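Asks: Just so it is clear, I am handing over coords.cif, which has mmCIF, C-alpha atoms and all ligand atoms.
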data_start
#
loop_
_atom_site.label_atom_id
_atom_site.label_comp_id
_atom_site.auth_asym_id
_atom_site.auth_seq_id
_atom_site.Cartn_x
_atom_site.Cartn_y
_atom_site.Cartn_z
CA MET A 11 -26.86 -43.38 -57.86
CA THR A 12 -29.13 -40.40 -58.04
CA ARG A 13 -30.59 -38.61 -55.05
CA SER A 14 -33.19 -35.96 -55.37
CA CYS A 15 -33.22 -32.93 -53.20
CA LYS A 16 -36.87 -32.18 -52.83
CA THR A 17 -36.88 -29.06 -50.72
CA THR A 18 -33.71 -27.18 -50.01
CA CYS A 19 -30.15 -28.40 -50.22
CA PRO A 20 -28.47 -25.22 -49.37
CA ILE A 21 -24.97 -24.34 -49.57
CA ASP A 22 -25.09 -21.98 -52.46
CA ARG A 23 -26.47 -18.61 -51.55
CA ALA A 24 -29.76 -18.79 -53.46
CA ARG A 25 -30.67 -22.08 -51.86
CA PHE A 26 -29.65 -20.74 -48.47
CA LEU A 27 -32.16 -18.00 -48.75
CA ARG A 28 -34.96 -20.44 -49.48
CA THR A 29 -33.95 -22.55 -46.51
CA THR A 30 -33.74 -19.57 -44.25
CA ALA A 31 -37.23 -18.58 -45.35
CA LEU A 32 -38.56 -22.04 -44.56
CA THR A 33 -36.87 -22.10 -41.20
CA ALA A 34 -38.18 -18.67 -40.36
CA LEU A 35 -41.63 -19.73 -41.45
CA ALA A 36 -41.51 -22.68 -39.08
CA GLY A 37 -40.39 -20.38 -36.29
CA LEU A 38 -43.32 -18.10 -36.92
CA GLY A 39 -45.84 -20.86 -36.49
CA GLY A 40 -45.87 -22.09 -40.06
CA SER A 41 -44.44 -25.48 -39.17
CA ALA A 42 -47.66 -27.18 -40.14
CA LEU A 43 -46.76 -26.31 -43.72
CA LEU A 44 -43.63 -28.39 -43.50
CA ALA A 45 -43.81 -32.14 -43.75
CA GLU A 46 -41.15 -32.67 -41.12
CA PRO A 47 -40.53 -29.41 -39.27
CA ALA A 48 -37.94 -30.94 -36.94
CA LEU A 49 -35.75 -31.85 -39.89
CA ALA A 50 -36.48 -28.61 -41.71
CA GLN A 51 -35.25 -26.70 -38.70
CA SER A 52 -32.06 -28.72 -38.47
CA VAL A 53 -30.39 -26.63 -41.16
CA GLY A 54 -29.79 -22.91 -41.22
CA THR A 55 -27.28 -20.23 -41.90
CA THR A 56 -24.73 -18.67 -39.63
CA ALA A 57 -22.02 -16.05 -39.65
CA PRO A 58 -19.08 -15.47 -37.37
CA ALA A 59 -19.63 -13.15 -34.44
CA GLN A 60 -15.98 -12.24 -34.62
CA SER A 61 -13.12 -12.61 -37.09
CA ARG A 62 -9.44 -12.34 -36.27
CA GLY A 63 -7.42 -13.09 -39.34
CA LYS A 64 -8.35 -16.62 -40.35
CA VAL A 65 -9.89 -17.45 -36.97
CA LEU A 66 -13.68 -17.15 -36.99
CA THR A 67 -15.71 -17.30 -33.81
CA TYR A 68 -19.30 -18.53 -33.82
CA ALA A 69 -21.90 -19.07 -31.14
CA LEU A 70 -22.06 -22.73 -30.18
CA PRO A 71 -24.95 -24.40 -32.02
CA ALA A 72 -27.81 -24.62 -29.56
CA LYS A 73 -29.29 -27.79 -31.03
CA GLU A 74 -28.41 -30.71 -33.22
CA GLY A 75 -28.20 -29.85 -36.88
CA VAL A 76 -26.23 -28.03 -39.52
CA LEU A 77 -25.41 -24.33 -39.75
CA ILE A 78 -23.76 -23.08 -42.91
CA ASP A 79 -21.58 -20.01 -43.33
CA ALA A 80 -21.52 -19.81 -47.12
CA GLY A 81 -19.42 -16.65 -47.14
CA ASN A 82 -16.52 -18.38 -45.40
CA GLY A 83 -17.10 -21.90 -46.67
CA VAL A 84 -17.62 -23.29 -43.17
CA ILE A 85 -20.25 -25.72 -41.96
CA LEU A 86 -20.90 -26.10 -38.25
CA ALA A 87 -22.39 -29.50 -37.63
CA ARG A 88 -23.66 -30.46 -34.20
CA VAL A 89 -24.12 -34.21 -33.84
CA LYS A 90 -25.57 -34.96 -30.42
CA ASN A 91 -23.13 -33.15 -28.12
CA THR A 92 -20.23 -32.81 -30.53
CA VAL A 93 -19.59 -29.89 -32.88
CA TYR A 94 -17.46 -30.07 -36.03
CA ALA A 95 -16.39 -27.35 -38.45
CA LEU A 96 -16.40 -28.81 -41.95
CA SER A 97 -15.35 -27.49 -45.32
CA VAL A 98 -18.18 -26.99 -47.80
CA ILE A 99 -15.95 -28.21 -50.63
CA CYS A 100 -16.14 -31.83 -51.76
CA PRO A 101 -12.86 -33.62 -51.03
CA HIS A 102 -12.97 -35.52 -54.32
CA ARG A 103 -12.02 -32.77 -56.75
CA ALA A 104 -11.98 -29.81 -54.42
CA THR A 105 -14.09 -27.74 -56.77
CA THR A 106 -17.67 -28.75 -56.05
CA THR A 107 -19.73 -27.30 -53.25
CA LEU A 108 -21.59 -29.86 -51.19
CA GLU A 109 -25.31 -29.74 -50.53
CA TRP A 110 -27.33 -30.71 -47.47
CA LEU A 111 -30.14 -33.22 -47.96
CA PRO A 112 -32.66 -32.43 -45.24
CA ASP A 113 -34.76 -35.53 -45.84
CA THR A 114 -31.93 -37.97 -45.19
CA ARG A 115 -29.71 -35.63 -43.15
CA GLU A 116 -26.66 -36.18 -45.30
CA PHE A 117 -24.26 -34.05 -47.26
CA HIS A 118 -24.33 -34.68 -50.98
CA CYS A 119 -21.96 -33.88 -53.81
CA PRO A 120 -23.99 -33.12 -56.93
CA LYS A 121 -21.03 -33.77 -59.21
CA HIS A 122 -20.63 -37.51 -58.63
CA ASP A 123 -23.32 -38.25 -56.02
CA ALA A 124 -21.02 -38.81 -53.06
CA LEU A 125 -22.72 -38.86 -49.66
CA PHE A 126 -21.36 -37.90 -46.25
CA GLN A 127 -22.62 -38.14 -42.69
CA PRO A 128 -23.29 -34.93 -40.72
CA ASP A 129 -19.89 -35.33 -39.01
CA GLY A 130 -18.22 -35.46 -42.43
CA GLU A 131 -17.56 -39.20 -42.61
CA LEU A 132 -17.83 -40.62 -46.12
CA ILE A 133 -20.87 -42.83 -46.68
CA ASP A 134 -20.52 -43.62 -50.36
CA GLY A 135 -18.98 -42.28 -53.53
CA ARG A 136 -15.74 -41.51 -55.35
CA PRO A 137 -13.88 -39.52 -52.67
CA ASP A 138 -11.19 -41.46 -50.87
CA ARG A 139 -11.67 -39.54 -47.65
CA ALA A 140 -14.22 -37.80 -45.48
CA MET A 141 -15.06 -34.10 -45.64
CA ASP A 142 -12.18 -31.92 -44.48
CA ARG A 143 -12.37 -30.51 -40.96
CA TYR A 144 -11.05 -27.24 -39.60
CA ALA A 145 -9.19 -26.94 -36.32
CA VAL A 146 -11.59 -25.86 -33.58
CA HIS A 147 -11.55 -25.02 -29.91
CA ARG A 148 -14.16 -23.95 -27.44
CA ALA A 149 -14.11 -20.42 -26.06
CA GLY A 150 -16.85 -20.12 -23.45
CA GLN A 151 -20.17 -20.31 -25.27
CA SER A 152 -18.44 -19.93 -28.62
CA ILE A 153 -16.48 -22.09 -30.97
CA ALA A 154 -13.34 -20.74 -32.65
CA VAL A 155 -12.64 -22.10 -36.12
CA ASP A 156 -9.16 -21.71 -37.60
CA THR A 157 -9.76 -21.72 -41.34
CA ALA A 158 -6.00 -21.70 -41.93
CA ALA A 159 -5.77 -25.16 -40.34
CA VAL A 160 -7.75 -27.62 -42.42
CA PHE A 161 -7.20 -31.33 -41.91
CA GLN A 162 -7.68 -34.12 -44.39
CA GLN A 163 -8.70 -37.48 -43.00
CA ASP A 164 -6.18 -39.43 -45.07
CA THR A 165 -3.06 -37.30 -44.56
CA ALA A 166 -3.67 -35.94 -41.05
CA HIS A 167 -5.88 -38.56 -39.50
CA ASP A 168 -5.10 -37.84 -35.85
CA ALA A 169 -5.62 -34.10 -36.20
CA TRP A 170 -8.76 -34.70 -38.25
CA SER A 171 -10.13 -37.02 -35.56
CA ARG A 172 -9.43 -34.48 -32.80
CA ALA A 173 -10.98 -31.56 -34.69
CA LEU A 174 -14.14 -31.33 -32.64
CA VAL A 175 -15.64 -29.63 -29.61
CA THR A 176 -17.65 -31.53 -27.05
CA ILE A 177 -20.56 -29.76 -25.40
CA GLY A 178 -21.30 -30.94 -21.90
S1 LIG A 201 -16.50 -33.89 -57.06
FE1 LIG A 201 -17.63 -34.60 -55.34
S2 LIG A 201 -17.75 -36.75 -55.62
FE2 LIG A 201 -16.59 -36.04 -57.33
#
In structure tokens, write the structure found in this file.

Replies:
Amino acid sequence: MTRSCKTTCPIDRARFLRTTALTALAGLGGSALLAEPALAQSVGTTAPAQSRGKVLTYALPAKEGVLIDAGNGVILARVKNTVYALSVICPHRATTTLEWLPDTREFHCPKHDALFQPDGELIDGRPDRAMDRYAVHRAGQSIAVDTAAVFQQDTAHDAWSRALVTIG
């Protein structure tokens, strides 16, 4: 199965910059240039506001979508009122960086065409598990991500399932 990535599928830095430019353009009134501005704005970059060892603190995502911290390999995904911190690395071989497909709102592995939902659940492909999730907890209007505590769906299913923050 082959999926094209027509606009930006950013997780690597160069693609991030293009996405950021598109998102900024939409924010400056250039949304008419984008076929689907709502989807184009659902992806962006982020960086921790604070770092304490392996614990990174980010502002809670204000809207549904995906925010990617390429420097730390962390994806913040807000799906409705739930926020997950996902690893950018494909769980199949643990060497390939996943991409975001803005047109279908899925994560994609370019190595073997695996697809994942925004919450990390596997849709299709060779991996035998979902995307890995980091331990998270809410701290006021922030989310703390412990990058030393990464859970695999198959070996730590309960912890993986609880690795989320609900926004009221
Ligand atoms: S490395 Fe990602 S599906 Fe094989």

Asks: Using only C-alpha atoms and all ligand atoms, pick whichever of A:Asp134, A:Asp113, A:Asp123, A:Asp79 has the shortest atom-to-atom distance to ligand LIG 201 (chain A).

Replies: A:Asp123

Asks: Each residue of chain A with at least one atom at most 9 Å from ligand LIG 201 (chain A) should appear once, together with its nearest atom pair and the corresponding distance in Å (one decimal); atoms considered: only C-alpha atoms and all ligand atoms; ordering: chain, then increasing residue number; output as CSV.

Replies:
residue,atom,partner,partner_atom,distance
A:Ile99,CA,A:LIG201,FE1,8.1
A:Cys100,CA,A:LIG201,FE1,4.8
A:Pro101,CA,A:LIG201,FE1,6.5
A:His102,CA,A:LIG201,FE2,4.7
A:Arg103,CA,A:LIG201,S1,4.6
A:Ala104,CA,A:LIG201,S1,6.6
A:Thr105,CA,A:LIG201,S1,6.6
A:Thr106,CA,A:LIG201,S1,5.4
A:Thr107,CA,A:LIG201,FE1,7.9
A:Leu108,CA,A:LIG201,FE1,7.4
A:His118,CA,A:LIG201,FE1,8.0
A:Cys119,CA,A:LIG201,FE1,4.6
A:Pro120,CA,A:LIG201,FE1,6.7
A:Lys121,CA,A:LIG201,S1,5.0
A:His122,CA,A:LIG201,S2,4.2
A:Asp123,CA,A:LIG201,S2,5.8
A:Ala124,CA,A:LIG201,S2,4.6
A:Leu125,CA,A:LIG201,S2,8.0
A:Gly135,CA,A:LIG201,S2,6.0
A:Arg136,CA,A:LIG201,S2,5.2
A:Pro137,CA,A:LIG201,S2,5.6

Asks: Using all atoms listed in the file for the distances, tell me which of A:Ile133, A:Ala149, A:Ala140, A:Ala154 is nearest to Tyr68 in chain A.

Replies: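 The answer is A:Ala154, which sits nearest to Tyr68 in chain A.
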
Asks: Can you measure CA of Thr56 in chain A to CA of His167 in chain A for me? One decimal in Å is fine.

Replies: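 That distance, rounded to one decimal, is 27.4 Å.
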
Asks: Could you jot down the CA of Ser52 in chain A to CA of Val76 in chain A separation for me, Å, one decimal place?

Replies: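 Answer for the CA of Ser52 in chain A to CA of Val76 in chain A separation: 6.0 Å.
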
Asks: Pick the closest to Gln127 in chain A from A:Gly83, A:Gly75, A:Gly150, A:Gly178: which is it, counting only C-alpha atoms?

Replies: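 Counting only C-alpha atoms, the residue closest to Gln127 in chain A is A:Gly75.
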
Asks: Counting all atoms listed in the file, which residue out of A:Gly63, A:Pro71, A:Gly81, A:Pro128 sits closest to Gln151 in chain A?

Replies: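 That would be A:Pro71, the residue with the smallest distance to Gln151 in chain A.
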
Asks: I'd like the neighbourhood of Thr176 in chain A as a list in words, where a residue qualifies if any of its atoms comes within 7 Å (using all atoms listed in the file), though same-chain residues fewer than 4 positions away should be ignored.

Replies: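 Here the qualifying residues turn out to be Asn91, Thr92 and Val93 of chain A.
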
Asks: What's the 10 Å shell around Trp170 in chain A, counting all atoms listed in the file, without same-chain residues fewer than 6 positions away, as a list of chain:residue names?

Replies: A:Ala140, A:Met141, A:Asp142, A:Arg143, A:Tyr144, A:Ala145, A:Val160, A:Phe161, A:Gln162, A:Gln163, A:Asp164

Asks: When you draw a straight line from CA of Ala169 in chain A to CA of Glu116 in chain A, how long is it in Å?

Replies: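 Here the two named atoms are 23.0 Å from each other.
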
Asks: Which neighbours of Lys64 in chain A fall inside 6 Å, counting all atoms listed in the file, when residues of the same chain fewer than 4 positions from it are skipped, and could you give them as a list in words?

Replies: Asp156, Thr157 and Ala158 of chain A

Asks: Here is a test: counting all atoms listed in the file, which residue of A:Asn82, A:Ser152, A:Ser171, A:Thr165 is nearest to Ala59 in chain A?

Replies: A:Ser152

Asks: Go ahead and find all residues with at least one atom no further than 8 Å from (-27.1, -28.0, -29.2) in the file's coordinates, using only C-alpha atoms; report them as number ranges by chain.

Replies: A: 70-75, 88, 90-91, 177

Asks: Point out the residue among A:Val155, A:Leu86, A:Val146, A:Ala173 with the least atom-to-atom distance to Gly54 in chain A, counting all atoms listed in the file.

Replies: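 Of A:Val155, A:Leu86, A:Val146, A:Ala173, the one nearest Gly54 in chain A is A:Leu86, counting all atoms listed in the file.
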